[in-house]
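> Starting off with a structure, shown below.
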Amino acid sequence: MSITILLLIAVIIAALAFEFINGFHDCANAIATVVSTKVLAPRQAVLFGATLEFIGALTGTHVAKTIGSGIVNAELITLTVIFCALLAAVLWNLFTWYLGLPSSSSHALIGGLLGASIVKAGVSVVHFNTLLDKVLIPMFTSPMLGFCTGFLIMLFLIRILYKANPQIVNKRFRKLQLISSGLMALSHGSNDAQKTMGIITLALIASGVMKTSGEFEIPIYVIIVCALTMAAGTMNGGWKIIKTMGHKIITLKPIHGFAAETSAAGLILTASHFGIPLSTTHVISTAIMGVGSTFHAHAVKWRIVGNIVTAWVLTIPSCMILSSIIYYLIYKIF
(Lines give C-alpha, C1' and ligand atoms only; values in the text may rest on other atoms or scores of the structure.)
Protein backbone atom coordinates (compact mmCIF):
# COMPACT_ATOMS: atom_id res chain seq x y z
CA MET A 1 0.00 0.00 0.00
CA SER A 2 1.48 3.36 -1.05
CA ILE A 3 2.17 6.26 1.30
CA THR A 4 -0.44 8.33 -0.56
CA ILE A 5 -3.20 5.79 0.13
CA LEU A 6 -2.17 5.47 3.78
CA LEU A 7 -2.26 9.25 4.14
CA LEU A 8 -5.65 9.36 2.39
CA ILE A 9 -7.00 6.79 4.87
CA ALA A 10 -5.62 8.89 7.76
CA VAL A 11 -7.28 12.01 6.34
CA ILE A 12 -10.64 10.27 5.93
CA ILE A 13 -10.46 8.92 9.49
CA ALA A 14 -9.59 12.40 10.78
CA ALA A 15 -12.44 13.92 8.72
CA LEU A 16 -14.97 11.45 10.08
CA ALA A 17 -13.64 12.03 13.61
CA PHE A 18 -14.22 15.75 13.04
CA GLU A 19 -17.73 15.03 11.77
CA PHE A 20 -18.50 12.83 14.77
CA ILE A 21 -17.16 15.43 17.22
CA ASN A 22 -19.09 18.11 15.34
CA GLY A 23 -22.22 16.04 15.93
CA PHE A 24 -21.85 15.80 19.70
CA HIS A 25 -20.25 19.25 20.01
CA ASP A 26 -22.98 21.02 18.05
CA CYS A 27 -25.96 18.80 18.83
CA ALA A 28 -26.75 21.36 21.52
CA ASN A 29 -27.62 23.77 18.70
CA ALA A 30 -30.57 21.58 17.79
CA ILE A 31 -31.76 20.14 21.09
CA ALA A 32 -30.62 22.38 23.98
CA THR A 33 -33.80 24.42 24.11
CA VAL A 34 -36.14 21.43 23.76
CA VAL A 35 -34.32 19.71 26.65
CA SER A 36 -34.15 22.78 28.87
CA THR A 37 -37.87 23.47 28.44
CA LYS A 38 -38.58 19.77 29.21
CA VAL A 39 -40.54 19.26 26.00
CA LEU A 40 -38.50 16.09 25.44
CA ALA A 41 -36.36 13.99 27.73
CA PRO A 42 -32.65 14.12 26.84
CA ARG A 43 -32.60 10.65 25.24
CA GLN A 44 -35.71 11.38 23.19
CA ALA A 45 -34.30 14.73 22.07
CA VAL A 46 -30.98 13.22 21.01
CA LEU A 47 -32.67 10.50 18.91
CA PHE A 48 -35.06 13.06 17.42
CA GLY A 49 -32.20 15.43 16.61
CA ALA A 50 -29.96 12.72 15.12
CA THR A 51 -32.69 11.54 12.75
CA LEU A 52 -33.37 15.03 11.41
CA GLU A 53 -29.66 15.88 11.22
CA PHE A 54 -29.22 12.83 8.97
CA ILE A 55 -32.08 13.93 6.71
CA GLY A 56 -30.74 17.51 6.61
CA ALA A 57 -27.32 16.27 5.50
CA LEU A 58 -28.92 14.75 2.39
CA THR A 59 -30.61 17.97 1.23
CA GLY A 60 -27.80 19.52 -0.85
CA THR A 61 -24.09 20.07 -1.46
CA HIS A 62 -23.73 23.84 -1.91
CA VAL A 63 -21.83 24.30 1.36
CA ALA A 64 -19.62 21.27 0.62
CA LYS A 65 -18.55 22.84 -2.67
CA THR A 66 -17.68 26.12 -0.93
CA ILE A 67 -15.47 24.32 1.62
CA GLY A 68 -13.89 21.97 -0.93
CA SER A 69 -13.07 24.41 -3.70
CA GLY A 70 -14.22 27.94 -2.83
CA ILE A 71 -11.98 29.06 0.04
CA VAL A 72 -8.58 27.81 -1.17
CA ASN A 73 -7.23 26.70 -4.55
CA ALA A 74 -7.97 22.97 -4.61
CA GLU A 75 -5.20 22.32 -7.16
CA LEU A 76 -2.51 23.46 -4.69
CA ILE A 77 -3.80 21.51 -1.68
CA THR A 78 -2.13 18.28 -0.54
CA LEU A 79 -3.31 15.50 1.73
CA THR A 80 -0.89 16.73 4.40
CA VAL A 81 -2.52 20.17 4.36
CA ILE A 82 -5.98 18.65 4.75
CA PHE A 83 -4.81 16.36 7.57
CA CYS A 84 -3.29 19.31 9.48
CA ALA A 85 -6.48 21.36 9.03
CA LEU A 86 -8.62 18.53 10.38
CA LEU A 87 -6.31 17.82 13.30
CA ALA A 88 -6.31 21.49 14.32
CA ALA A 89 -10.12 21.65 14.11
CA VAL A 90 -10.56 18.44 16.13
CA LEU A 91 -8.17 19.63 18.84
CA TRP A 92 -9.93 23.02 19.08
CA ASN A 93 -13.37 21.40 19.23
CA LEU A 94 -12.25 19.05 22.01
CA PHE A 95 -10.70 21.97 23.91
CA THR A 96 -13.85 24.13 23.73
CA TRP A 97 -16.06 21.09 24.45
CA TYR A 98 -14.02 20.43 27.61
CA LEU A 99 -14.61 24.03 28.68
CA GLY A 100 -18.30 23.80 27.78
CA LEU A 101 -18.07 26.63 25.25
CA PRO A 102 -20.26 26.47 22.11
CA SER A 103 -17.58 27.57 19.63
CA SER A 104 -17.91 27.19 15.86
CA SER A 105 -16.82 23.87 14.32
CA SER A 106 -17.19 25.52 10.91
CA HIS A 107 -14.73 28.30 11.70
CA ALA A 108 -12.37 25.79 13.33
CA LEU A 109 -12.22 23.82 10.08
CA ILE A 110 -11.89 26.93 7.91
CA GLY A 111 -9.16 28.35 10.15
CA GLY A 112 -7.28 25.05 10.05
CA LEU A 113 -7.54 24.88 6.26
CA LEU A 114 -6.33 28.47 5.85
CA GLY A 115 -3.35 28.10 8.19
CA ALA A 116 -1.88 24.92 6.69
CA SER A 117 -2.63 26.05 3.11
CA ILE A 118 -0.83 29.38 3.55
CA VAL A 119 2.25 27.69 5.04
CA LYS A 120 2.26 25.22 2.13
CA ALA A 121 1.58 27.54 -0.81
CA GLY A 122 1.55 31.15 0.39
CA VAL A 123 -1.31 33.62 0.69
CA SER A 124 -2.05 33.41 -3.04
CA VAL A 125 -3.69 30.02 -2.39
CA VAL A 126 -6.62 31.77 -0.65
CA HIS A 127 -9.69 32.85 -2.64
CA PHE A 128 -10.14 36.09 -0.73
CA ASN A 129 -13.38 37.12 -2.44
CA THR A 130 -15.11 33.88 -1.43
CA LEU A 131 -13.54 34.03 2.04
CA LEU A 132 -14.89 37.54 2.52
CA ASP A 133 -18.34 36.97 1.03
CA LYS A 134 -19.11 33.52 2.45
CA VAL A 135 -17.10 33.39 5.69
CA LEU A 136 -15.97 36.71 7.14
CA ILE A 137 -19.03 38.84 6.39
CA PRO A 138 -21.49 36.12 7.55
CA MET A 139 -19.27 35.60 10.63
CA PHE A 140 -20.17 39.12 11.80
CA THR A 141 -23.63 39.56 10.29
CA SER A 142 -25.14 36.18 11.23
CA PRO A 143 -24.93 36.77 15.02
CA MET A 144 -26.57 40.17 14.57
CA LEU A 145 -29.27 38.68 12.37
CA GLY A 146 -29.78 35.85 14.86
CA PHE A 147 -30.16 38.31 17.74
CA CYS A 148 -32.51 40.65 15.85
CA THR A 149 -34.66 37.86 14.40
CA GLY A 150 -35.01 36.15 17.78
CA PHE A 151 -35.87 39.47 19.42
CA LEU A 152 -38.48 40.43 16.79
CA ILE A 153 -40.19 37.03 16.65
CA MET A 154 -40.41 36.90 20.45
CA LEU A 155 -41.69 40.48 20.55
CA PHE A 156 -44.34 39.57 17.97
CA LEU A 157 -45.44 36.54 20.01
CA ILE A 158 -45.64 38.65 23.19
CA ARG A 159 -47.79 41.25 21.42
CA ILE A 160 -50.34 38.74 20.11
CA LEU A 161 -50.41 36.53 23.22
CA TYR A 162 -50.05 39.03 26.08
CA LYS A 163 -53.64 38.42 27.25
CA ALA A 164 -53.47 34.63 26.97
CA ASN A 165 -53.31 32.29 29.94
CA PRO A 166 -49.60 31.43 30.53
CA GLN A 167 -50.38 27.76 31.21
CA ILE A 168 -52.29 27.41 27.95
CA VAL A 169 -49.50 29.20 26.05
CA ASN A 170 -46.88 26.86 27.47
CA LYS A 171 -48.98 23.80 26.68
CA ARG A 172 -49.47 24.84 23.05
CA PHE A 173 -45.88 25.85 22.48
CA ARG A 174 -44.60 22.58 23.94
CA LYS A 175 -46.11 20.94 20.86
CA LEU A 176 -45.00 23.69 18.47
CA GLN A 177 -41.45 23.44 19.78
CA LEU A 178 -41.20 19.91 18.45
CA ILE A 179 -41.56 21.43 14.98
CA SER A 180 -39.09 24.26 15.61
CA SER A 181 -36.44 21.99 17.17
CA GLY A 182 -36.89 19.57 14.28
CA LEU A 183 -36.28 22.41 11.83
CA MET A 184 -33.21 23.42 13.82
CA ALA A 185 -31.77 19.89 13.63
CA LEU A 186 -32.59 19.69 9.92
CA SER A 187 -30.87 23.02 9.24
CA HIS A 188 -27.79 22.02 11.25
CA GLY A 189 -27.44 18.85 9.20
CA SER A 190 -27.93 20.78 5.97
CA ASN A 191 -25.02 23.10 6.79
CA ASP A 192 -22.53 21.46 9.14
CA ALA A 193 -22.51 17.92 7.72
CA GLN A 194 -21.64 19.28 4.29
CA LYS A 195 -18.35 20.76 5.47
CA THR A 196 -16.77 17.35 5.98
CA MET A 197 -18.20 16.18 2.66
CA GLY A 198 -16.24 18.95 0.96
CA ILE A 199 -13.04 18.08 2.85
CA ILE A 200 -13.21 14.34 2.03
CA THR A 201 -13.92 15.06 -1.64
CA LEU A 202 -10.98 17.48 -1.68
CA ALA A 203 -8.79 14.70 -0.22
CA LEU A 204 -9.96 12.21 -2.85
CA ILE A 205 -9.02 14.68 -5.59
CA ALA A 206 -5.66 15.56 -3.98
CA SER A 207 -4.73 11.86 -3.75
CA GLY A 208 -5.66 11.19 -7.38
CA VAL A 209 -8.26 8.60 -6.39
CA MET A 210 -11.06 10.78 -7.77
CA LYS A 211 -10.83 12.60 -11.09
CA THR A 212 -12.70 15.78 -11.90
CA SER A 213 -13.89 17.18 -15.20
CA GLY A 214 -13.79 20.78 -14.04
CA GLU A 215 -16.81 20.55 -11.72
CA PHE A 216 -16.38 19.92 -7.99
CA GLU A 217 -19.02 17.24 -7.35
CA ILE A 218 -19.61 15.34 -4.09
CA PRO A 219 -19.93 11.53 -4.52
CA ILE A 220 -23.10 10.01 -3.08
CA TYR A 221 -21.14 7.59 -0.88
CA VAL A 222 -19.34 10.54 0.75
CA ILE A 223 -22.69 12.24 1.43
CA ILE A 224 -24.18 9.14 3.09
CA VAL A 225 -21.11 8.33 5.22
CA CYS A 226 -20.87 11.92 6.49
CA ALA A 227 -24.59 12.07 7.25
CA LEU A 228 -24.42 8.82 9.24
CA THR A 229 -21.31 9.95 11.14
CA MET A 230 -22.83 13.27 12.19
CA ALA A 231 -26.02 11.51 13.29
CA ALA A 232 -23.93 9.09 15.37
CA GLY A 233 -22.14 12.02 17.00
CA THR A 234 -25.43 13.67 17.83
CA MET A 235 -26.64 10.42 19.38
CA ASN A 236 -23.77 10.64 21.87
CA GLY A 237 -24.72 14.17 22.90
CA GLY A 238 -22.73 17.12 24.17
CA TRP A 239 -24.24 17.60 27.59
CA LYS A 240 -21.84 20.27 28.85
CA ILE A 241 -22.68 22.53 25.92
CA ILE A 242 -26.39 21.70 26.16
CA LYS A 243 -26.27 22.95 29.75
CA THR A 244 -24.61 26.22 28.66
CA MET A 245 -26.97 26.77 25.74
CA GLY A 246 -30.17 25.71 27.47
CA HIS A 247 -29.74 26.99 31.01
CA LYS A 248 -26.85 29.38 31.53
CA ILE A 249 -27.67 32.07 28.93
CA ILE A 250 -31.32 32.54 29.93
CA THR A 251 -34.04 30.44 31.57
CA LEU A 252 -36.23 29.17 28.75
CA LYS A 253 -39.90 28.27 28.45
CA PRO A 254 -41.42 26.53 25.40
CA ILE A 255 -42.45 29.79 23.72
CA HIS A 256 -38.90 31.12 24.04
CA GLY A 257 -37.41 27.93 22.65
CA PHE A 258 -39.83 28.07 19.72
CA ALA A 259 -38.89 31.69 18.92
CA ALA A 260 -35.14 31.02 19.12
CA GLU A 261 -35.21 27.80 17.07
CA THR A 262 -37.51 29.17 14.39
CA SER A 263 -35.32 32.25 13.98
CA ALA A 264 -32.08 30.28 13.77
CA ALA A 265 -33.42 27.50 11.52
CA GLY A 266 -34.73 30.00 8.96
CA LEU A 267 -31.38 31.80 8.75
CA ILE A 268 -29.32 28.58 8.54
CA LEU A 269 -31.49 26.97 5.85
CA THR A 270 -31.21 30.15 3.79
CA ALA A 271 -27.41 30.14 4.19
CA SER A 272 -27.22 26.46 3.17
CA HIS A 273 -29.16 27.23 0.00
CA PHE A 274 -26.59 29.86 -0.99
CA GLY A 275 -23.58 27.70 -0.07
CA ILE A 276 -22.58 29.77 2.97
CA PRO A 277 -20.80 27.68 5.66
CA LEU A 278 -22.55 29.47 8.48
CA SER A 279 -21.75 28.96 12.15
CA THR A 280 -24.92 27.34 13.44
CA THR A 281 -23.55 27.93 16.95
CA HIS A 282 -23.38 31.68 16.41
CA VAL A 283 -26.91 31.86 15.08
CA ILE A 284 -28.73 29.80 17.72
CA SER A 285 -26.74 31.38 20.58
CA THR A 286 -27.55 34.92 19.51
CA ALA A 287 -31.17 34.00 18.75
CA ILE A 288 -31.47 32.82 22.38
CA MET A 289 -29.91 36.10 23.52
CA GLY A 290 -32.36 38.07 21.37
CA VAL A 291 -35.30 36.18 22.85
CA GLY A 292 -33.96 36.80 26.37
CA SER A 293 -33.57 40.51 25.72
CA THR A 294 -37.33 40.91 25.26
CA PHE A 295 -37.70 40.42 29.03
CA HIS A 296 -35.03 42.90 30.07
CA ALA A 297 -31.27 43.19 29.64
CA HIS A 298 -30.59 41.38 32.92
CA ALA A 299 -32.43 38.27 31.71
CA VAL A 300 -29.36 37.37 29.64
CA LYS A 301 -26.36 36.27 31.70
CA TRP A 302 -23.84 38.47 29.94
CA ARG A 303 -20.77 37.04 31.69
CA ILE A 304 -21.48 33.65 30.07
CA VAL A 305 -22.16 35.42 26.77
CA GLY A 306 -18.79 37.16 27.05
CA ASN A 307 -17.02 33.81 27.40
CA ILE A 308 -18.84 32.49 24.33
CA VAL A 309 -18.00 35.57 22.23
CA THR A 310 -14.33 35.23 23.21
CA ALA A 311 -14.35 31.65 21.88
CA TRP A 312 -15.97 32.84 18.63
CA VAL A 313 -13.37 35.56 18.06
CA LEU A 314 -10.42 33.27 18.80
CA THR A 315 -11.54 30.25 16.76
CA ILE A 316 -10.29 31.10 13.24
CA PRO A 317 -6.94 32.65 14.24
CA SER A 318 -6.27 29.95 16.84
CA CYS A 319 -6.92 27.16 14.37
CA MET A 320 -4.83 28.91 11.72
CA ILE A 321 -1.89 29.06 14.12
CA LEU A 322 -2.45 25.49 15.33
CA SER A 323 -2.62 23.98 11.84
CA SER A 324 0.39 26.03 10.73
CA ILE A 325 2.46 24.65 13.62
CA ILE A 326 1.30 21.08 12.93
CA TYR A 327 2.14 21.39 9.23
CA TYR A 328 5.56 22.88 10.00
CA LEU A 329 6.37 20.09 12.46
CA ILE A 330 5.28 17.37 10.03
CA TYR A 331 7.33 19.00 7.25
CA LYS A 332 10.42 19.16 9.47
CA ILE A 333 10.07 15.58 10.75
CA PHE A 334 9.27 13.90 7.43
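Ligands are numbered from 1 in the order shown, chains are lettered A, B, ... in the order of the C-alpha coordinates, and residues start at 1 in each chain.
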Which residues are near Ala15 (chain A)? Cut-off 12 Å, only C-alpha atoms, ignore same chain within fewer than 2 positions. Put them as JSON, numbers by chain.
{"A": [8, 9, 10, 11, 12, 13, 17, 18, 19, 20, 21, 22, 79, 82, 83, 84, 85, 86, 87, 88, 89, 90, 109, 193, 194, 195, 196, 197, 198, 199, 200, 201, 202, 203, 204, 222, 225, 226, 229, 230]}
> The selected residues should be written to file as a short mmCIF file (atom, residue, chain, number, x, y, z; two decimals), in the first residue's frame (atoms: N, CA and C atoms).

data_model
loop_
_atom_site.label_atom_id
_atom_site.label_comp_id
_atom_site.auth_asym_id
_atom_site.auth_seq_id
_atom_site.Cartn_x
_atom_site.Cartn_y
_atom_site.Cartn_z
N LEU A 8 -4.23 9.13 2.72
CA LEU A 8 -5.65 9.36 2.39
C LEU A 8 -6.55 8.72 3.44
N ILE A 9 -6.22 7.49 3.84
CA ILE A 9 -7.00 6.79 4.87
C ILE A 9 -6.96 7.58 6.18
N ALA A 10 -5.76 8.09 6.53
CA ALA A 10 -5.62 8.89 7.76
C ALA A 10 -6.46 10.15 7.69
N VAL A 11 -6.48 10.79 6.52
CA VAL A 11 -7.28 12.01 6.34
C VAL A 11 -8.77 11.71 6.47
N ILE A 12 -9.22 10.63 5.86
CA ILE A 12 -10.64 10.27 5.93
C ILE A 12 -11.04 9.95 7.37
N ILE A 13 -10.18 9.22 8.08
CA ILE A 13 -10.46 8.92 9.49
C ILE A 13 -10.54 10.21 10.31
N ALA A 17 -13.74 11.70 12.18
CA ALA A 17 -13.64 12.03 13.61
C ALA A 17 -14.13 13.45 13.85
N PHE A 18 -13.74 14.36 12.95
CA PHE A 18 -14.22 15.75 13.04
C PHE A 18 -15.74 15.80 12.92
N GLU A 19 -16.28 15.05 11.98
CA GLU A 19 -17.73 15.03 11.77
C GLU A 19 -18.45 14.49 13.00
N PHE A 20 -17.91 13.42 13.58
CA PHE A 20 -18.50 12.83 14.77
C PHE A 20 -18.46 13.82 15.94
N ILE A 21 -17.30 14.45 16.14
CA ILE A 21 -17.16 15.43 17.22
C ILE A 21 -18.07 16.63 16.97
N ASN A 22 -18.18 17.02 15.70
CA ASN A 22 -19.09 18.11 15.34
C ASN A 22 -20.51 17.75 15.75
N LEU A 79 -2.69 16.28 0.65
CA LEU A 79 -3.31 15.50 1.73
C LEU A 79 -2.77 15.93 3.09
N ILE A 82 -4.63 18.99 4.30
CA ILE A 82 -5.98 18.65 4.75
C ILE A 82 -5.92 17.97 6.12
N PHE A 83 -4.95 17.07 6.29
CA PHE A 83 -4.81 16.36 7.57
C PHE A 83 -4.51 17.35 8.70
N CYS A 84 -3.63 18.30 8.46
CA CYS A 84 -3.29 19.31 9.48
C CYS A 84 -4.50 20.18 9.82
N ALA A 85 -5.27 20.54 8.80
CA ALA A 85 -6.48 21.36 9.03
C ALA A 85 -7.47 20.61 9.91
N LEU A 86 -7.68 19.34 9.60
CA LEU A 86 -8.62 18.53 10.38
C LEU A 86 -8.14 18.33 11.81
N LEU A 87 -6.85 18.05 11.96
CA LEU A 87 -6.31 17.82 13.30
C LEU A 87 -6.44 19.07 14.17
N ALA A 88 -6.16 20.23 13.58
CA ALA A 88 -6.31 21.49 14.32
C ALA A 88 -7.76 21.72 14.74
N ALA A 89 -8.69 21.45 13.82
CA ALA A 89 -10.12 21.65 14.11
C ALA A 89 -10.60 20.69 15.19
N VAL A 90 -10.17 19.44 15.12
CA VAL A 90 -10.56 18.44 16.13
C VAL A 90 -10.03 18.84 17.50
N LEU A 109 -12.67 24.51 11.29
CA LEU A 109 -12.22 23.82 10.08
C LEU A 109 -11.66 24.81 9.06
N ALA A 193 -22.95 19.22 8.25
CA ALA A 193 -22.51 17.92 7.72
C ALA A 193 -21.82 18.07 6.37
N GLN A 194 -22.19 19.08 5.63
CA GLN A 194 -21.64 19.28 4.29
C GLN A 194 -20.17 19.71 4.31
N LYS A 195 -19.72 20.28 5.41
CA LYS A 195 -18.35 20.76 5.47
C LYS A 195 -17.35 19.61 5.37
N THR A 196 -17.65 18.52 6.06
CA THR A 196 -16.77 17.35 5.98
C THR A 196 -16.89 16.67 4.62
N MET A 197 -18.06 16.72 4.02
CA MET A 197 -18.20 16.18 2.66
C MET A 197 -17.24 16.87 1.71
N GLY A 198 -17.14 18.18 1.82
CA GLY A 198 -16.24 18.95 0.96
C GLY A 198 -14.79 18.59 1.21
N ILE A 199 -14.42 18.40 2.50
CA ILE A 199 -13.04 18.08 2.85
C ILE A 199 -12.65 16.69 2.33
N ILE A 200 -13.53 15.70 2.49
CA ILE A 200 -13.21 14.34 2.03
C ILE A 200 -13.10 14.31 0.51
N THR A 201 -13.99 15.00 -0.17
CA THR A 201 -13.92 15.06 -1.64
C THR A 201 -12.63 15.74 -2.09
N LEU A 202 -12.24 16.80 -1.39
CA LEU A 202 -10.98 17.48 -1.68
C LEU A 202 -9.80 16.52 -1.50
N ALA A 203 -9.85 15.68 -0.46
CA ALA A 203 -8.79 14.70 -0.22
C ALA A 203 -8.75 13.64 -1.31
N LEU A 204 -9.90 13.20 -1.77
CA LEU A 204 -9.96 12.21 -2.85
C LEU A 204 -9.35 12.76 -4.14
N VAL A 222 -19.90 9.59 -0.22
CA VAL A 222 -19.34 10.54 0.75
C VAL A 222 -20.48 11.23 1.51
N VAL A 225 -22.02 8.62 4.09
CA VAL A 225 -21.11 8.33 5.22
C VAL A 225 -21.04 9.52 6.17
N CYS A 226 -20.93 10.73 5.64
CA CYS A 226 -20.87 11.92 6.49
C CYS A 226 -22.17 12.14 7.25
N THR A 229 -22.30 9.64 10.09
CA THR A 229 -21.31 9.95 11.14
C THR A 229 -21.78 11.10 12.01
N MET A 230 -22.34 12.15 11.39
CA MET A 230 -22.83 13.27 12.19
C MET A 230 -24.00 12.83 13.06
#
> Find the residues near Ser263 (chain A): any atom within 10 Å, counting only C-alpha atoms, skip ones fewer than 3 places away on the same chain, and give them as an MDAnalysis selection string.
chainID A and resid 145:154 180 184 257:260 266:268 283:284 286:288 290:291
> Using only C-alpha atoms for the distances, tell me which of A:Thr61, A:Thr294, A:Thr78, A:Ser2 is nearest to Gly189 (chain A).
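Of A:Thr61, A:Thr294, A:Thr78, A:Ser2, the one nearest Gly189 (chain A), counting only C-alpha atoms, is A:Thr61.
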> When you look at Ala231 (chain A) with a cut-off of 7 Å (counting only C-alpha atoms), what residues show up, excluding the ones that are within fewer than 5 positions of it in the same chain? I need them as a JSON list (two decimals) with N, CA and C atoms, in the first residue's frame.

[["chain", "number", "residue", "atom", "x", "y", "z"],
["A", 23, "GLY", "N", -20.88, 16.48, 15.55],
["A", 23, "GLY", "CA", -22.22, 16.04, 15.93],
["A", 23, "GLY", "C", -22.49, 16.18, 17.40],
["A", 50, "ALA", "N", -30.84, 13.50, 15.99],
["A", 50, "ALA", "CA", -29.96, 12.72, 15.12],
["A", 50, "ALA", "C", -30.67, 12.32, 13.83],
["A", 51, "THR", "N", -31.93, 11.94, 13.94],
["A", 51, "THR", "CA", -32.69, 11.54, 12.75],
["A", 51, "THR", "C", -32.83, 12.70, 11.77],
["A", 53, "GLU", "N", -30.98, 15.47, 11.71],
["A", 53, "GLU", "CA", -29.66, 15.88, 11.22],
["A", 53, "GLU", "C", -29.26, 15.03, 10.01],
["A", 54, "PHE", "N", -29.54, 13.73, 10.08],
["A", 54, "PHE", "CA", -29.22, 12.83, 8.97],
["A", 54, "PHE", "C", -29.98, 13.25, 7.71]]
> Report, in Å with one decimal, the straight-line distance from CA of Lys332 (chain A) to CA of Ser69 (chain A).
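Computing it gives 27.4 Å between the two atoms.
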